[in-house]
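Enquirer: One file is attached below, structure.pdb, containing PDB, C-alpha atoms.
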```
ATOM      1  CA  MET A  29     -18.940 -87.989  79.536
ATOM      2  CA  VAL A  30     -18.704 -84.823  81.580
ATOM      3  CA  GLU A  31     -20.866 -82.730  79.263
ATOM      4  CA  TRP A  32     -23.825 -85.121  79.487
ATOM      5  CA  SER A  33     -23.938 -85.148  83.282
ATOM      6  CA  LEU A  34     -23.474 -81.376  83.254
ATOM      7  CA  ILE A  35     -26.410 -80.960  80.875
ATOM      8  CA  ILE A  36     -28.581 -83.155  83.093
ATOM      9  CA  TYR A  37     -27.626 -81.206  86.235
ATOM     10  CA  CYS A  38     -28.359 -77.893  84.497
ATOM     11  CA  GLY A  39     -31.693 -79.344  83.407
ATOM     12  CA  ILE A  40     -32.489 -80.259  87.008
ATOM     13  CA  ILE A  41     -31.562 -76.759  88.236
ATOM     14  CA  THR A  42     -33.671 -75.115  85.540
ATOM     15  CA  PHE A  43     -36.625 -77.416  86.244
ATOM     16  CA  PHE A  44     -36.513 -76.828  89.982
ATOM     17  CA  SER A  45     -36.254 -73.056  89.650
ATOM     18  CA  ARG A  46     -39.642 -73.282  87.891
ATOM     19  CA  TYR A  47     -41.103 -76.063  90.045
ATOM     20  CA  LEU A  48     -40.201 -74.298  93.291
ATOM     21  CA  MET A  49     -42.289 -71.303  92.447
ATOM     22  CA  ILE A  50     -45.304 -73.336  91.336
ATOM     23  CA  ALA A  51     -45.352 -75.991  94.029
ATOM     24  CA  ILE A  52     -43.635 -74.597  97.083
ATOM     25  CA  LEU A  53     -43.322 -70.829  97.101
ATOM     26  CA  LYS A  54     -46.216 -68.928  98.574
ATOM     27  CA  LYS A  55     -47.189 -65.358  98.017
ATOM     28  CA  GLU A  56     -46.453 -64.477 101.642
ATOM     29  CA  MET A  57     -42.840 -65.611 101.303
ATOM     30  CA  PHE A  58     -42.089 -62.624  99.104
ATOM     31  CA  THR A  59     -41.954 -59.203 100.616
ATOM     32  CA  ASP A  60     -42.155 -56.253  98.244
ATOM     33  CA  ARG A  61     -38.495 -55.673  98.998
ATOM     34  CA  ILE A  62     -37.424 -59.151  97.813
ATOM     35  CA  ARG A  63     -39.567 -58.790  94.715
ATOM     36  CA  GLU A  64     -38.017 -55.413  93.948
ATOM     37  CA  VAL A  65     -34.454 -56.758  94.236
ATOM     38  CA  LEU A  66     -35.243 -59.889  92.190
ATOM     39  CA  SER A  67     -36.563 -57.699  89.390
ATOM     40  CA  TYR A  68     -32.954 -56.529  88.896
ATOM     41  CA  VAL A  69     -31.650 -60.047  88.205
ATOM     42  CA  PRO A  70     -31.683 -59.670  84.377
ATOM     43  CA  SER A  71     -29.875 -56.300  84.621
ATOM     44  CA  ALA A  72     -27.305 -57.862  86.935
ATOM     45  CA  ILE A  73     -26.565 -61.022  84.982
ATOM     46  CA  PHE A  74     -27.031 -60.406  81.251
ATOM     47  CA  PRO A  75     -24.336 -57.674  81.019
ATOM     48  CA  ALA A  76     -21.831 -60.271  82.294
ATOM     49  CA  ILE A  77     -22.415 -62.069  78.992
ATOM     50  CA  ILE A  78     -22.839 -58.943  76.841
ATOM     51  CA  PHE A  79     -19.801 -56.827  77.792
ATOM     52  CA  PRO A  80     -16.981 -59.407  77.460
ATOM     53  CA  ALA A  81     -18.445 -60.568  74.119
ATOM     54  CA  ILE A  82     -18.253 -56.999  72.814
ATOM     55  CA  PHE A  83     -15.097 -55.567  74.363
ATOM     56  CA  LEU A  84     -12.782 -58.591  74.426
ATOM     57  CA  ASP A  85     -11.169 -60.295  71.425
ATOM     58  CA  ASN A  86     -10.869 -64.059  71.005
ATOM     59  CA  SER A  87      -7.829 -64.285  73.264
ATOM     60  CA  GLY A  88      -9.490 -62.277  76.051
ATOM     61  CA  ASP A  89      -7.623 -59.006  75.483
ATOM     62  CA  LEU A  90      -9.383 -55.657  75.666
ATOM     63  CA  LEU A  91     -10.148 -54.336  72.177
ATOM     64  CA  LEU A  92     -11.250 -50.708  72.212
ATOM     65  CA  GLU A  93      -9.904 -49.339  68.925
ATOM     66  CA  ALA A  94     -11.380 -50.226  65.544
ATOM     67  CA  ASN A  95     -13.776 -52.653  67.186
ATOM     68  CA  PRO A  96     -16.861 -53.004  64.959
ATOM     69  CA  LYS A  97     -18.777 -54.770  67.746
ATOM     70  CA  ILE A  98     -18.822 -51.585  69.860
ATOM     71  CA  PHE A  99     -20.353 -49.531  67.047
ATOM     72  CA  ALA A 100     -22.854 -52.255  66.182
ATOM     73  CA  ALA A 101     -23.852 -52.615  69.844
ATOM     74  CA  ILE A 102     -24.417 -48.837  70.144
ATOM     75  CA  ILE A 103     -26.684 -48.920  67.092
ATOM     76  CA  ALA A 104     -28.563 -51.900  68.548
ATOM     77  CA  ILE A 105     -29.028 -50.054  71.863
ATOM     78  CA  LEU A 106     -30.371 -46.964  70.078
ATOM     79  CA  VAL A 107     -32.767 -49.055  68.014
ATOM     80  CA  GLY A 108     -33.819 -50.886  71.193
ATOM     81  CA  LEU A 109     -34.454 -47.598  72.995
ATOM     82  CA  ILE A 110     -36.556 -46.231  70.153
ATOM     83  CA  THR A 111     -38.495 -49.317  69.059
ATOM     84  CA  LYS A 112     -38.480 -51.418  72.274
ATOM     85  CA  ASN A 113     -38.579 -54.315  69.829
ATOM     86  CA  VAL A 114     -36.489 -57.431  70.458
ATOM     87  CA  ILE A 115     -36.198 -58.500  66.802
ATOM     88  CA  ALA A 116     -35.351 -54.979  65.561
ATOM     89  CA  THR A 117     -32.633 -54.703  68.228
ATOM     90  CA  ILE A 118     -30.967 -57.993  67.285
ATOM     91  CA  PHE A 119     -31.097 -57.473  63.540
ATOM     92  CA  SER A 120     -30.059 -53.803  63.513
ATOM     93  CA  GLY A 121     -26.977 -54.853  65.484
ATOM     94  CA  LEU A 122     -26.182 -57.815  63.233
ATOM     95  CA  ILE A 123     -26.708 -55.887  60.000
ATOM     96  CA  SER A 124     -24.583 -52.932  61.102
ATOM     97  CA  TYR A 125     -21.906 -55.408  62.256
ATOM     98  CA  TRP A 126     -21.853 -57.070  58.842
ATOM     99  CA  PHE A 127     -21.830 -53.680  57.125
ATOM    100  CA  LEU A 128     -18.799 -52.680  59.221
ATOM    101  CA  ILE A 129     -16.742 -55.883  58.849
ATOM    102  CA  PHE A 130     -17.454 -56.483  55.162
ATOM    103  CA  ILE A 131     -17.489 -52.917  53.809
ATOM    104  CA  ILE A 132     -15.794 -50.442  56.154
ATOM    105  CA  PHE A 133     -13.115 -52.539  57.868
ATOM    106  CA  SER A 134     -12.394 -54.932  54.997
TER
ATOM    107  CA  MET B  17     -64.185 -79.500  69.932
ATOM    108  CA  SER B  18     -64.070 -80.429  73.619
ATOM    109  CA  ILE B  19     -63.709 -77.735  76.247
ATOM    110  CA  ARG B  20     -60.237 -79.001  77.117
ATOM    111  CA  SER B  21     -58.917 -78.738  73.585
ATOM    112  CA  LYS B  22     -60.574 -75.322  73.240
ATOM    113  CA  ILE B  23     -58.650 -74.111  76.301
ATOM    114  CA  PHE B  24     -55.481 -75.801  75.010
ATOM    115  CA  PHE B  25     -55.692 -73.949  71.684
ATOM    116  CA  LYS B  26     -56.458 -70.676  73.459
ATOM    117  CA  GLY B  27     -53.075 -71.141  75.158
ATOM    118  CA  VAL B  28     -51.468 -71.870  71.791
ATOM    119  CA  SER B  29     -52.897 -68.750  70.123
ATOM    120  CA  ASP B  30     -52.140 -66.519  73.138
ATOM    121  CA  VAL B  31     -48.459 -67.413  73.124
ATOM    122  CA  ALA B  32     -47.989 -67.525  69.330
ATOM    123  CA  PRO B  33     -47.054 -63.820  68.836
ATOM    124  CA  LEU B  34     -44.373 -64.138  71.522
ATOM    125  CA  MET B  35     -42.722 -66.902  69.508
ATOM    126  CA  ILE B  36     -41.418 -64.494  66.847
ATOM    127  CA  PRO B  37     -38.222 -63.468  68.719
ATOM    128  CA  VAL B  38     -37.722 -67.070  69.857
ATOM    129  CA  VAL B  39     -37.184 -68.255  66.282
ATOM    130  CA  PRO B  40     -33.857 -66.452  65.670
ATOM    131  CA  PHE B  41     -32.800 -67.161  69.280
ATOM    132  CA  GLY B  42     -33.286 -70.935  68.818
ATOM    133  CA  ILE B  43     -31.520 -70.955  65.467
ATOM    134  CA  ILE B  44     -28.584 -68.988  66.901
ATOM    135  CA  PHE B  45     -28.325 -71.482  69.765
ATOM    136  CA  GLY B  46     -28.197 -74.431  67.338
ATOM    137  CA  VAL B  47     -25.604 -72.756  65.113
ATOM    138  CA  LEU B  48     -23.366 -71.787  68.054
ATOM    139  CA  ALA B  49     -23.553 -75.200  69.714
ATOM    140  CA  ILE B  50     -22.252 -76.819  66.526
ATOM    141  CA  ASP B  51     -19.690 -73.994  66.278
ATOM    142  CA  VAL B  52     -18.179 -74.694  69.719
ATOM    143  CA  GLY B  53     -17.934 -78.371  68.849
ATOM    144  CA  LEU B  54     -20.968 -80.037  70.408
ATOM    145  CA  SER B  55     -22.437 -82.925  68.441
ATOM    146  CA  PRO B  56     -25.921 -82.543  66.910
ATOM    147  CA  LEU B  57     -27.181 -85.147  69.396
ATOM    148  CA  THR B  58     -25.767 -83.299  72.431
ATOM    149  CA  THR B  59     -27.159 -80.015  71.114
ATOM    150  CA  MET B  60     -30.631 -81.462  70.690
ATOM    151  CA  ALA B  61     -30.418 -83.124  74.115
ATOM    152  CA  MET B  62     -29.552 -79.747  75.656
ATOM    153  CA  SER B  63     -32.670 -78.127  74.226
ATOM    154  CA  ILE B  64     -34.815 -81.033  75.434
ATOM    155  CA  ILE B  65     -33.246 -81.541  78.881
ATOM    156  CA  ILE B  66     -32.537 -77.940  79.903
ATOM    157  CA  PHE B  67     -35.228 -76.199  77.787
ATOM    158  CA  GLY B  68     -34.314 -72.614  78.690
ATOM    159  CA  GLY B  69     -32.740 -70.261  76.153
ATOM    160  CA  ALA B  70     -30.689 -68.058  78.467
ATOM    161  CA  SER B  71     -29.478 -71.050  80.513
ATOM    162  CA  GLN B  72     -28.386 -72.908  77.380
ATOM    163  CA  ILE B  73     -26.481 -69.945  75.923
ATOM    164  CA  VAL B  74     -24.699 -69.256  79.228
ATOM    165  CA  PHE B  75     -23.835 -72.953  79.374
ATOM    166  CA  LEU B  76     -22.343 -72.820  75.856
ATOM    167  CA  GLN B  77     -20.404 -69.637  76.524
ATOM    168  CA  LEU B  78     -18.773 -70.958  79.688
ATOM    169  CA  PHE B  79     -18.327 -74.488  78.355
ATOM    170  CA  SER B  80     -16.428 -73.229  75.307
ATOM    171  CA  ALA B  81     -14.302 -70.977  77.548
ATOM    172  CA  GLY B  82     -13.291 -74.068  79.516
ATOM    173  CA  ALA B  83     -15.085 -73.221  82.755
ATOM    174  CA  SER B  84     -15.426 -75.878  85.457
ATOM    175  CA  SER B  85     -18.677 -77.759  86.075
ATOM    176  CA  LEU B  86     -19.241 -75.946  89.363
ATOM    177  CA  VAL B  87     -18.937 -72.530  87.719
ATOM    178  CA  ILE B  88     -21.278 -73.539  84.888
ATOM    179  CA  LEU B  89     -23.845 -74.911  87.350
ATOM    180  CA  SER B  90     -23.798 -71.861  89.609
ATOM    181  CA  SER B  91     -24.022 -69.487  86.647
ATOM    182  CA  VAL B  92     -26.990 -71.375  85.208
ATOM    183  CA  GLY B  93     -28.513 -71.280  88.693
ATOM    184  CA  ALA B  94     -28.046 -67.502  88.797
ATOM    185  CA  VAL B  95     -29.664 -67.111  85.370
ATOM    186  CA  ASN B  96     -32.635 -69.131  86.604
ATOM    187  CA  SER B  97     -33.043 -67.193  89.827
ATOM    188  CA  ARG B  98     -35.179 -64.705  87.918
ATOM    189  CA  HIS B  99     -37.828 -67.433  87.705
ATOM    190  CA  LEU B 100     -38.344 -67.291  91.460
ATOM    191  CA  LEU B 101     -39.830 -63.869  90.936
ATOM    192  CA  TYR B 102     -42.875 -65.314  89.223
ATOM    193  CA  GLY B 103     -43.564 -67.638  92.140
ATOM    194  CA  ALA B 104     -45.393 -65.046  94.163
ATOM    195  CA  VAL B 105     -48.233 -64.836  91.669
ATOM    196  CA  LEU B 106     -48.257 -68.222  89.983
ATOM    197  CA  SER B 107     -48.261 -70.599  92.953
ATOM    198  CA  GLU B 108     -51.472 -68.989  94.145
ATOM    199  CA  HIS B 109     -53.361 -69.823  90.946
ATOM    200  CA  MET B 110     -51.879 -73.273  90.553
ATOM    201  CA  SER B 111     -52.466 -74.584  94.075
ATOM    202  CA  ASP B 112     -55.385 -76.779  92.898
ATOM    203  CA  PHE B 113     -53.388 -78.468  90.144
ATOM    204  CA  LYS B 114     -52.444 -82.123  90.525
ATOM    205  CA  MET B 115     -48.794 -82.907  91.298
ATOM    206  CA  THR B 116     -48.291 -84.456  87.838
ATOM    207  CA  TRP B 117     -49.618 -81.324  86.160
ATOM    208  CA  LYS B 118     -47.396 -79.124  88.315
ATOM    209  CA  ILE B 119     -44.380 -81.120  87.149
ATOM    210  CA  ILE B 120     -45.394 -80.987  83.481
ATOM    211  CA  ILE B 121     -46.165 -77.258  83.581
ATOM    212  CA  SER B 122     -42.896 -76.527  85.439
ATOM    213  CA  TYR B 123     -40.901 -78.177  82.674
ATOM    214  CA  PHE B 124     -42.725 -76.167  79.997
ATOM    215  CA  LEU B 125     -42.807 -72.793  81.733
ATOM    216  CA  VAL B 126     -40.293 -70.580  79.928
ATOM    217  CA  ASP B 127     -40.564 -66.773  80.105
ATOM    218  CA  GLN B 128     -42.989 -66.534  77.186
ATOM    219  CA  ALA B 129     -45.302 -69.175  78.651
ATOM    220  CA  PHE B 130     -45.297 -67.317  81.986
ATOM    221  CA  ALA B 131     -46.217 -64.110  80.254
ATOM    222  CA  VAL B 132     -49.511 -65.514  78.938
ATOM    223  CA  THR B 133     -50.265 -68.055  81.679
ATOM    224  CA  ASN B 134     -50.339 -65.559  84.502
ATOM    225  CA  PRO B 135     -53.073 -63.204  83.211
ATOM    226  CA  TYR B 136     -55.175 -66.165  82.061
ATOM    227  CA  LEU B 137     -55.025 -67.998  85.393
ATOM    228  CA  LYS B 138     -55.865 -64.784  87.187
ATOM    229  CA  LYS B 139     -59.215 -64.378  85.464
ATOM    230  CA  SER B 140     -60.218 -67.966  84.665
ATOM    231  CA  ASN B 141     -62.246 -70.118  87.056
ATOM    232  CA  ASP B 142     -62.502 -73.084  84.706
ATOM    233  CA  LYS B 143     -61.553 -76.389  86.310
ATOM    234  CA  ASP B 144     -59.623 -77.298  83.159
ATOM    235  CA  LYS B 145     -57.620 -74.076  83.069
ATOM    236  CA  VAL B 146     -54.376 -76.070  83.327
ATOM    237  CA  PHE B 147     -54.822 -76.891  79.637
ATOM    238  CA  HIS B 148     -54.152 -73.252  78.792
ATOM    239  CA  SER B 149     -50.705 -73.429  80.442
ATOM    240  CA  PHE B 150     -50.166 -76.788  78.748
ATOM    241  CA  GLY B 151     -51.024 -75.367  75.306
ATOM    242  CA  ALA B 152     -48.798 -72.318  75.752
ATOM    243  CA  GLY B 153     -45.906 -74.421  77.098
ATOM    244  CA  ALA B 154     -46.164 -77.100  74.425
ATOM    245  CA  THR B 155     -46.082 -74.371  71.764
ATOM    246  CA  CYS B 156     -42.899 -72.845  73.216
ATOM    247  CA  TRP B 157     -41.389 -76.325  73.414
ATOM    248  CA  THR B 158     -42.184 -77.202  69.796
ATOM    249  CA  VAL B 159     -40.846 -73.885  68.474
ATOM    250  CA  TRP B 160     -37.641 -74.186  70.533
ATOM    251  CA  GLN B 161     -36.915 -77.787  69.427
ATOM    252  CA  THR B 162     -37.683 -77.018  65.765
ATOM    253  CA  THR B 163     -35.490 -73.919  65.660
ATOM    254  CA  THR B 164     -32.661 -75.749  67.480
ATOM    255  CA  LEU B 165     -32.839 -78.411  64.773
ATOM    256  CA  ILE B 166     -32.772 -75.768  62.020
ATOM    257  CA  GLY B 167     -29.750 -74.177  63.726
ATOM    258  CA  ILE B 168     -27.964 -77.540  63.879
ATOM    259  CA  PHE B 169     -28.340 -77.917  60.108
ATOM    260  CA  LEU B 170     -27.393 -74.300  59.396
ATOM    261  CA  GLY B 171     -24.422 -74.562  61.761
ATOM    262  CA  SER B 172     -22.543 -76.721  59.299
ATOM    263  CA  ILE B 173     -23.403 -74.417  56.376
ATOM    264  CA  ILE B 174     -23.013 -70.876  57.751
ATOM    265  CA  PRO B 175     -19.434 -69.603  57.236
ATOM    266  CA  GLU B 176     -17.541 -68.701  60.399
ATOM    267  CA  LYS B 177     -16.506 -65.288  59.088
ATOM    268  CA  LEU B 178     -20.116 -64.100  59.358
ATOM    269  CA  GLY B 179     -19.341 -63.790  63.062
ATOM    270  CA  LEU B 180     -22.725 -65.079  64.131
ATOM    271  CA  SER B 181     -21.488 -65.478  67.711
ATOM    272  CA  PHE B 182     -22.002 -61.709  67.953
ATOM    273  CA  ALA B 183     -25.723 -62.510  67.921
ATOM    274  CA  VAL B 184     -25.358 -63.749  71.531
ATOM    275  CA  PRO B 185     -24.582 -60.366  73.156
ATOM    276  CA  LEU B 186     -27.172 -58.799  70.842
ATOM    277  CA  THR B 187     -29.856 -61.249  71.940
ATOM    278  CA  PHE B 188     -29.189 -60.561  75.612
ATOM    279  CA  LEU B 189     -29.027 -56.835  74.887
ATOM    280  CA  ALA B 190     -32.466 -57.128  73.299
ATOM    281  CA  LEU B 191     -33.790 -58.798  76.457
ATOM    282  CA  LEU B 192     -32.794 -55.676  78.400
ATOM    283  CA  VAL B 193     -34.410 -53.036  76.148
ATOM    284  CA  ASP B 194     -37.112 -52.291  78.717
ATOM    285  CA  ASP B 195     -34.461 -51.535  81.341
ATOM    286  CA  PHE B 196     -32.423 -49.024  79.320
ATOM    287  CA  ARG B 197     -34.640 -46.144  80.413
ATOM    288  CA  LYS B 198     -34.416 -46.799  84.161
ATOM    289  CA  LEU B 199     -31.489 -45.162  85.947
ATOM    290  CA  ILE B 200     -30.825 -47.838  88.584
ATOM    291  CA  ASN B 201     -30.994 -50.558  85.934
ATOM    292  CA  VAL B 202     -28.511 -48.692  83.744
ATOM    293  CA  ILE B 203     -26.076 -48.298  86.658
ATOM    294  CA  VAL B 204     -26.399 -52.009  87.511
ATOM    295  CA  ILE B 205     -25.959 -52.981  83.837
ATOM    296  CA  ILE B 206     -22.765 -50.936  83.465
ATOM    297  CA  ALA B 207     -21.303 -52.097  86.794
ATOM    298  CA  SER B 208     -21.959 -55.774  86.110
ATOM    299  CA  GLY B 209     -20.610 -55.446  82.557
ATOM    300  CA  LEU B 210     -17.401 -53.740  83.677
ATOM    301  CA  ILE B 211     -16.786 -56.281  86.443
ATOM    302  CA  ALA B 212     -17.250 -59.145  83.971
ATOM    303  CA  THR B 213     -14.977 -57.552  81.363
ATOM    304  CA  VAL B 214     -12.173 -56.742  83.792
ATOM    305  CA  GLY B 215     -12.708 -59.994  85.675
ATOM    306  CA  TYR B 216     -12.692 -62.185  82.579
ATOM    307  CA  GLU B 217      -8.934 -62.728  82.856
ATOM    308  CA  VAL B 218      -8.482 -61.849  86.519
ATOM    309  CA  ILE B 219     -11.196 -63.840  88.302
ATOM    310  CA  PRO B 220     -10.193 -67.501  88.534
ATOM    311  CA  PHE B 221     -12.192 -70.477  87.180
ATOM    312  CA  LYS B 222     -14.112 -68.294  84.655
ATOM    313  CA  ALA B 223     -16.345 -67.317  87.575
ATOM    314  CA  TYR B 224     -16.715 -63.813  86.093
ATOM    315  CA  VAL B 225     -20.407 -64.303  85.226
ATOM    316  CA  ILE B 226     -21.437 -65.250  88.730
ATOM    317  CA  VAL B 227     -19.151 -62.656  90.401
ATOM    318  CA  ALA B 228     -20.491 -59.867  88.169
ATOM    319  CA  ALA B 229     -24.100 -60.968  88.679
ATOM    320  CA  VAL B 230     -23.843 -61.103  92.475
ATOM    321  CA  SER B 231     -22.062 -57.731  92.576
ATOM    322  CA  GLY B 232     -24.713 -56.213  90.315
ATOM    323  CA  LEU B 233     -27.506 -57.528  92.497
ATOM    324  CA  LEU B 234     -25.837 -56.218  95.677
ATOM    325  CA  LEU B 235     -25.500 -52.830  94.003
ATOM    326  CA  ALA B 236     -29.197 -52.956  93.087
ATOM    327  CA  MET B 237     -30.021 -53.710  96.733
ATOM    328  CA  ILE B 238     -28.051 -50.685  97.906
ATOM    329  CA  LEU B 239     -29.388 -48.313  95.235
ATOM    330  CA  THR B 240     -33.031 -49.306  95.716
ATOM    331  CA  LYS B 241     -32.593 -48.879  99.467
ATOM    332  CA  PHE B 242     -31.436 -45.286  98.927
ATOM    333  CA  LYS B 243     -34.278 -44.659  96.517
ATOM    334  CA  GLY B 244     -36.709 -45.981  99.122
ATOM    335  CA  LEU B 245     -35.260 -43.684 101.814
ATOM    336  CA  ASN B 246     -35.549 -40.619  99.566
ATOM    337  CA  ASN B 247     -39.138 -41.362  98.660
ATOM    338  CA  GLY B 248     -40.125 -42.143 102.238
TER
END
```
Rewrite the coordinates I just gave you, this time as structure tokens.

Expert:
Amino acid sequence: MVEWSLIIYCGIITFFSRYLMIAILKKEMFTDRIREVLSYVPSAIFPAIIFPAIFLDNSGDLLLEANPKIFAAIIAILVGLITKNVIATIFSGLISYWFLIFIIFS
Amino acid sequence: MSIRSKIFFKGVSDVAPLMIPVVPFGIIFGVLAIDVGLSPLTTMAMSIIIFGGASQIVFLQLFSAGASSLVILSSVGAVNSRHLLYGAVLSEHMSDFKMTWKIIISYFLVDQAFAVTNPYLKKSNDKDKVFHSFGAGATCWTVWQTTTLIGIFLGSIIPEKLGLSFAVPLTFLALLVDDFRKLINVIVIIASGLIATVGYEVIPFKAYVIVAAVSGLLLAMILTKFKGLNNG
């Protein structure tokens, strides 16, 4: 069972990323410079999940015209900018997506 | 109530408000895992063994796209590298903890638990302060397992045409809301996103996540360097 061993390995990686910092890493090991660069990790990695899920269709082709996900994502970004609220961002995007696919594009 | 349980419940109540966004996130994970064809048992095992929302979603995404084990592992590793950031502050306050406690707390310490553990450890001198981290972590754990279970049940009920998989990019988008106002972050976000989108078909082995992430981080290194030079 490949997926089981994979899950266990991912569990080990996740555990050690947390354990390392508690048990081994020391404050002196981090210069301000390293800390600054590490603070960009979410901005560097999450878009790699976000963009393809919005701009690509199920077969991996670019979908720029009549793509309700682009509009819904823009609304979610605007709501996120204004409210800075995680829940409001997710649900404004989902609700506008449903509005678009069930009412406008249907 | 003993002092230990008092400290434990302080951890529980401190982290409770942060659990609100975790509820939909956990449910979405459960629904999607069933959607991509994982069994309820495997899905539950993932939440228990990995216990990290972003790691689990990235795993699902790449697994369903048919990525190799190596690519999945390195991408999950990249997602987790943000945890190293907390090390600078936390290790200092936890140096007195027993090895067993360090292991238990490490397993429990998701982002939300970090957020409340750090300020508490900073100001508390109590010898039982580890129970605060334990309370916060156990709360996160319970909420995550419960919502995964709810998602597993809903996964077989919710119709596919609702397009709930769109909740994944939205959830990650929501995690970035604080960065939308910072110029360097926005540049890094757009660059990484474009590389991943273009690279989705072009980069072999579905390594687009890790390639985009590393490129984005290199770009951040360069941009912050320039910023530093201008300010200095």

Enquirer: Which polymer residues have any atom within 8 Å of an atom of stretch 119-134 of chain B, counting all atoms listed in the file, with same-chain residues fewer than 2 positions away left out, as a ChimeraX atom specification?

Expert: /A:43-44,46-47,50 /B:27,30-31,34-35,67-68,102,105-106,115-117,136-138,148-150,152-154,156-157

Enquirer: Please provide as a PDB file with C-alpha atoms, keeping the file's coordinate frame all residues within 9 Å of A:Trp32, with the sequence filter that same-chain residues fewer than 4 positions apart are discarded (counting only C-alpha atoms).

Expert:
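Result file is selection25.pdb:
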```pdb
ATOM      1  CA  ILE A  36     -28.581 -83.155  83.093  1.00  0.00           C
ATOM      2  CA  TYR A  37     -27.626 -81.206  86.235  1.00  0.00           C
TER       3      TYR A  37
ATOM      4  CA  THR B  58     -25.767 -83.299  72.431  1.00  0.00           C
ATOM      5  CA  ALA B  61     -30.418 -83.124  74.115  1.00  0.00           C
ATOM      6  CA  MET B  62     -29.552 -79.747  75.656  1.00  0.00           C
TER       7      MET B  62
END
```

Enquirer: Select residues of chain A: the criterion is any atom within 6 Å of an atom of chain B, counting all atoms listed in the file; output as an MDAnalysis selection string.

Expert: chainID A and resid 39 43 46:47 49:50 53:55 65 69 71:73 75:76 78:80 108 112 114:115 117:118

Enquirer: Can you tell me how far atom CA of B:Leu48 sits from atom CA of A:Ile82, in Å to one decimal?

Expert: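 For atom CA of B:Leu48 relative to atom CA of A:Ile82, the distance reads 16.4 Å.
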
Enquirer: Could you tell me how far atom CA of B:Gly171 lies from atom CA of B:Ser80, in Å and to one decimal?

Expert: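 Going from atom CA of B:Gly171 over to atom CA of B:Ser80, I get 15.8 Å.
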
Enquirer: Find the residues around B:Phe221 up to 9 Å (all atoms listed in the file counted), leave out those fewer than 6 positions away in its own chain, and share them as a VMD selection string.

Expert: chain B and resid 82 to 84 87

Enquirer: Please enumerate the residues selected by the PyMOL selection byres ((chain A and resi 129) around 10) when evaluated against the supplied file, formatted as a compact mmCIF listing (two decimals) with C-alpha atoms, in the frame of the given file.

Expert:
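Heads up, here's the output in part00.txt:
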```txt
# COMPACT_ATOMS: atom_id res chain seq x y z
CA ASN A 95 -13.78 -52.65 67.19
CA PRO A 96 -16.86 -53.00 64.96
CA LYS A 97 -18.78 -54.77 67.75
CA SER A 124 -24.58 -52.93 61.10
CA TYR A 125 -21.91 -55.41 62.26
CA TRP A 126 -21.85 -57.07 58.84
CA PHE A 127 -21.83 -53.68 57.12
CA LEU A 128 -18.80 -52.68 59.22
CA PHE A 130 -17.45 -56.48 55.16
CA ILE A 131 -17.49 -52.92 53.81
CA ILE A 132 -15.79 -50.44 56.15
CA PHE A 133 -13.12 -52.54 57.87
CA SER A 134 -12.39 -54.93 55.00
CA LYS B 177 -16.51 -65.29 59.09
CA LEU B 178 -20.12 -64.10 59.36
CA GLY B 179 -19.34 -63.79 63.06
```

Enquirer: What box, with edges along x, y and z, holds each listed atom of stretch 80-90 of chain B when 6 Å is added on every side, and can you state its centre and edge lengths in Å to one decimal, as lines of an AutoDock Vina configuration file?

Expert:
```
center_x = -18.6
center_y = -74.4
center_z = 82.5
size_x = 22.6
size_y = 18.8
size_z = 26.3
```

Enquirer: Expressed in Å to a single decimal, how great is the separation between atom CA of A:Met57 and atom CA of B:Leu199?

Expert: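 Computing the Euclidean distance for atom CA of A:Met57 and atom CA of B:Leu199 yields 28.0 Å.
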
Enquirer: Given the file above and the PyMOL selection byres ((chain A and resi 120) around 8), which residues are selected, and can you give them as a list of chain:residue names?

Expert: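 Those residues are A:Ala100, A:Ile103, A:Ala104, A:Val107, A:Ala116, A:Thr117, A:Ile118, A:Phe119, A:Gly121, A:Leu122, A:Ile123, A:Ser124.
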
Enquirer: Return the single residue from B:Ala32, B:Leu76, B:Arg20, B:Thr155 that is closest to B:Gly53, with distances computed using only C-alpha atoms.

Expert: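 Nearest candidate to B:Gly53 out of B:Ala32, B:Leu76, B:Arg20, B:Thr155: B:Leu76.
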
Enquirer: What would stretch 30-36 of chain A look like with N, CA and C atoms restored, written as a compact mmCIF listing (two decimals), in the frame of the given file?

Expert:
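New file rebuild39.txt:
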```
# COMPACT_ATOMS: atom_id res chain seq x y z
N VAL A 30 -18.44 -85.93 80.67
CA VAL A 30 -18.70 -84.82 81.58
C VAL A 30 -19.86 -83.98 81.08
N GLU A 31 -19.87 -83.68 79.77
CA GLU A 31 -20.87 -82.73 79.26
C GLU A 31 -22.29 -83.24 79.43
N TRP A 32 -22.48 -84.58 79.33
CA TRP A 32 -23.82 -85.12 79.49
C TRP A 32 -24.34 -84.96 80.92
N SER A 33 -23.49 -85.30 81.89
CA SER A 33 -23.94 -85.15 83.28
C SER A 33 -24.17 -83.68 83.60
N LEU A 34 -23.32 -82.82 83.03
CA LEU A 34 -23.47 -81.38 83.25
C LEU A 34 -24.80 -80.87 82.69
N ILE A 35 -25.14 -81.35 81.50
CA ILE A 35 -26.41 -80.96 80.88
C ILE A 35 -27.58 -81.42 81.75
N ILE A 36 -27.49 -82.64 82.26
CA ILE A 36 -28.58 -83.16 83.09
C ILE A 36 -28.71 -82.35 84.39
```
